[in-house]
Amino acid sequence: MPTTERLESFIAAVEGGAHAKAIEDYYTEDATMRENQAEPRRGRSTLVAQETAVLERTESVVSTCVRPVLVNGDHVAIHWIFEFRFKGGGRMRMEEIAWQRWEGDRIAEEQFFYDPAQRKPG
């Protein structure tokens, strides 16, 4: 179960734009991450590589945690809003719920729930 301090530190890292670093610092080595019902990506190094690839296509990302954050033992639900500005001028706003299972002070499993129609850059 994450402490309040650890969870707030994770949220601050994401809101501060350190997306790939947050994965390195807050996820277990064998963590999984999945989009809606897609097959999960496995392993922290894979998750960092995927996040880095997404970030390389962006000019900026503004990440906002919409409170409250819900915590029940090892399970955490975070409502995020991400505003992407892509290289070349496109923009995209993603609103999602991240459902996480923590092992101690690290995230072991994460699943994102969102409307896929949001993924079309404008």
# chains A, B, ... in the order shown; residues from 1 in each chain; ligands from 1
>>> residues_around(residues="Gly104 in chain A", least_positions_apart="3", cutoff="9 Å", atoms="only C-alpha atoms", output="JSON, numbers by chain")
{"A": [1, 2, 3, 74, 107]}
>>> residues_around(residues="range 10-24 of chain A", least_positions_apart="6", cutoff="7 Å", atoms="only C-alpha atoms", output="list of chain:residue names")
A:Arg44, A:Val48, A:Glu51, A:Thr52, A:Val61, A:Ser63, A:Thr64
>>> residues_around(residues="range 88-95 of chain A", least_positions_apart="3", cutoff="8 Å", atoms="only C-alpha atoms", output="list in words")
His79, Trp80, Ile81, Phe82, Glu83, Phe84, Arg85, Tyr114, Gln118, Arg119, Lys120, Pro121 and Gly122 of chain A
>>> write_last_selection(atoms="N, CA, C and O atoms", output="PDB file, in the first residue's frame")
ATOM      1  N   HIS A  79      -7.805  10.093 -11.633  1.00  0.00           N
ATOM      2  CA  HIS A  79      -8.433  10.725 -12.798  1.00  0.00           C
ATOM      3  C   HIS A  79      -7.407  11.720 -13.358  1.00  0.00           C
ATOM      4  O   HIS A  79      -7.013  12.661 -12.678  1.00  0.00           O
ATOM      5  N   TRP A  80      -6.964  11.455 -14.581  1.00  0.00           N
ATOM      6  CA  TRP A  80      -5.954  12.302 -15.232  1.00  0.00           C
ATOM      7  C   TRP A  80      -6.550  13.025 -16.425  1.00  0.00           C
ATOM      8  O   TRP A  80      -7.397  12.475 -17.129  1.00  0.00           O
ATOM      9  N   ILE A  81      -6.034  14.207 -16.685  1.00  0.00           N
ATOM     10  CA  ILE A  81      -6.252  14.914 -17.948  1.00  0.00           C
ATOM     11  C   ILE A  81      -4.871  15.236 -18.505  1.00  0.00           C
ATOM     12  O   ILE A  81      -4.032  15.825 -17.813  1.00  0.00           O
ATOM     13  N   PHE A  82      -4.639  14.803 -19.749  1.00  0.00           N
ATOM     14  CA  PHE A  82      -3.376  15.066 -20.444  1.00  0.00           C
ATOM     15  C   PHE A  82      -3.674  15.918 -21.666  1.00  0.00           C
ATOM     16  O   PHE A  82      -4.552  15.576 -22.469  1.00  0.00           O
ATOM     17  N   GLU A  83      -2.942  16.996 -21.820  1.00  0.00           N
ATOM     18  CA  GLU A  83      -3.074  17.854 -22.993  1.00  0.00           C
ATOM     19  C   GLU A  83      -1.754  17.812 -23.743  1.00  0.00           C
ATOM     20  O   GLU A  83      -0.740  18.294 -23.255  1.00  0.00           O
ATOM     21  N   PHE A  84      -1.808  17.176 -24.914  1.00  0.00           N
ATOM     22  CA  PHE A  84      -0.619  16.983 -25.748  1.00  0.00           C
ATOM     23  C   PHE A  84      -0.566  18.047 -26.827  1.00  0.00           C
ATOM     24  O   PHE A  84      -1.576  18.338 -27.473  1.00  0.00           O
ATOM     25  N   ARG A  85       0.610  18.585 -27.044  1.00  0.00           N
ATOM     26  CA  ARG A  85       0.888  19.438 -28.196  1.00  0.00           C
ATOM     27  C   ARG A  85       1.992  18.718 -28.958  1.00  0.00           C
ATOM     28  O   ARG A  85       3.092  18.534 -28.447  1.00  0.00           O
ATOM     29  N   TYR A 114     -10.430   4.875 -20.886  1.00  0.00           N
ATOM     30  CA  TYR A 114     -10.727   6.126 -21.568  1.00  0.00           C
ATOM     31  C   TYR A 114     -11.487   5.824 -22.853  1.00  0.00           C
ATOM     32  O   TYR A 114     -11.517   4.691 -23.331  1.00  0.00           O
ATOM     33  N   GLN A 118     -10.814   9.858 -28.210  1.00  0.00           N
ATOM     34  CA  GLN A 118      -9.974  10.996 -27.806  1.00  0.00           C
ATOM     35  C   GLN A 118      -8.592  10.945 -28.432  1.00  0.00           C
ATOM     36  O   GLN A 118      -7.896  11.948 -28.475  1.00  0.00           O
ATOM     37  N   ARG A 119      -8.162   9.785 -28.886  1.00  0.00           N
ATOM     38  CA  ARG A 119      -6.792   9.597 -29.360  1.00  0.00           C
ATOM     39  C   ARG A 119      -6.546  10.170 -30.747  1.00  0.00           C
ATOM     40  O   ARG A 119      -5.454  10.037 -31.272  1.00  0.00           O
ATOM     41  N   LYS A 120      -7.512  10.826 -31.323  1.00  0.00           N
ATOM     42  CA  LYS A 120      -7.341  11.432 -32.640  1.00  0.00           C
ATOM     43  C   LYS A 120      -6.866  12.869 -32.468  1.00  0.00           C
ATOM     44  O   LYS A 120      -7.612  13.716 -32.028  1.00  0.00           O
ATOM     45  N   PRO A 121      -5.596  13.119 -32.797  1.00  0.00           N
ATOM     46  CA  PRO A 121      -5.085  14.486 -32.644  1.00  0.00           C
ATOM     47  C   PRO A 121      -5.853  15.470 -33.520  1.00  0.00           C
ATOM     48  O   PRO A 121      -6.250  15.138 -34.636  1.00  0.00           O
ATOM     49  N   GLY A 122      -6.027  16.645 -32.991  1.00  0.00           N
ATOM     50  CA  GLY A 122      -6.750  17.690 -33.724  1.00  0.00           C
ATOM     51  C   GLY A 122      -5.835  18.770 -34.194  1.00  0.00           C
ATOM     52  O   GLY A 122      -4.685  18.836 -33.976  1.00  0.00           O
TER      53      GLY A 122
END
>>> closest_residue(among="A:Ser60, A:Trp99, A:Arg42, A:Glu29", to="Phe113 in chain A", atoms="only C-alpha atoms")
A:Trp99
>>> atom_distance(atom1="CA of Leu47 in chain A", atom2="CA of Thr32 in chain A")
7.9 Å
>>> closest_residue(among="A:Glu39, A:Asp25, A:Asp30, A:Glu96", to="Asp115 in chain A", atoms="only C-alpha atoms")
A:Glu96
>>> select_by_dssp(residues="chain A", states="strand (DSSP E)", output="ChimeraX atom specification")
/A:27-35,41-42,58-72,75-86,91-103,106-113
>>> residues_around(residues="Lys87 in chain A", least_positions_apart="6", cutoff="8 Å", atoms="only C-alpha atoms", output="list in words")
Arg57, Thr58 and Glu59 of chain A
>>> residues_around(residues="Ala77 in chain A", least_positions_apart="2", cutoff="8 Å", atoms="only C-alpha atoms", output="list in words")
Val69, Leu70, Val71, His75, His79, Ile97, Ala98, Trp99 and Gln100 of chain A
>>> select_by_dssp(residues="chain A", states="alpha helix (DSSP H)", output="VMD selection string")
chain A and resid 4 to 15 19 to 26 44 to 56
>>> atom_distance(atom1="CA of Phe112 in chain A", atom2="CA of Met33 in chain A")
7.9 Å
>>> atom_distance(atom1="CA of Gln37 in chain A", atom2="CA of Ala53 in chain A")
21.3 Å
>>> closest_residue(among="A:Tyr27, A:Ser9, A:Glu103, A:Glu56", to="Gly43 in chain A", atoms="only C-alpha atoms")
A:Tyr27
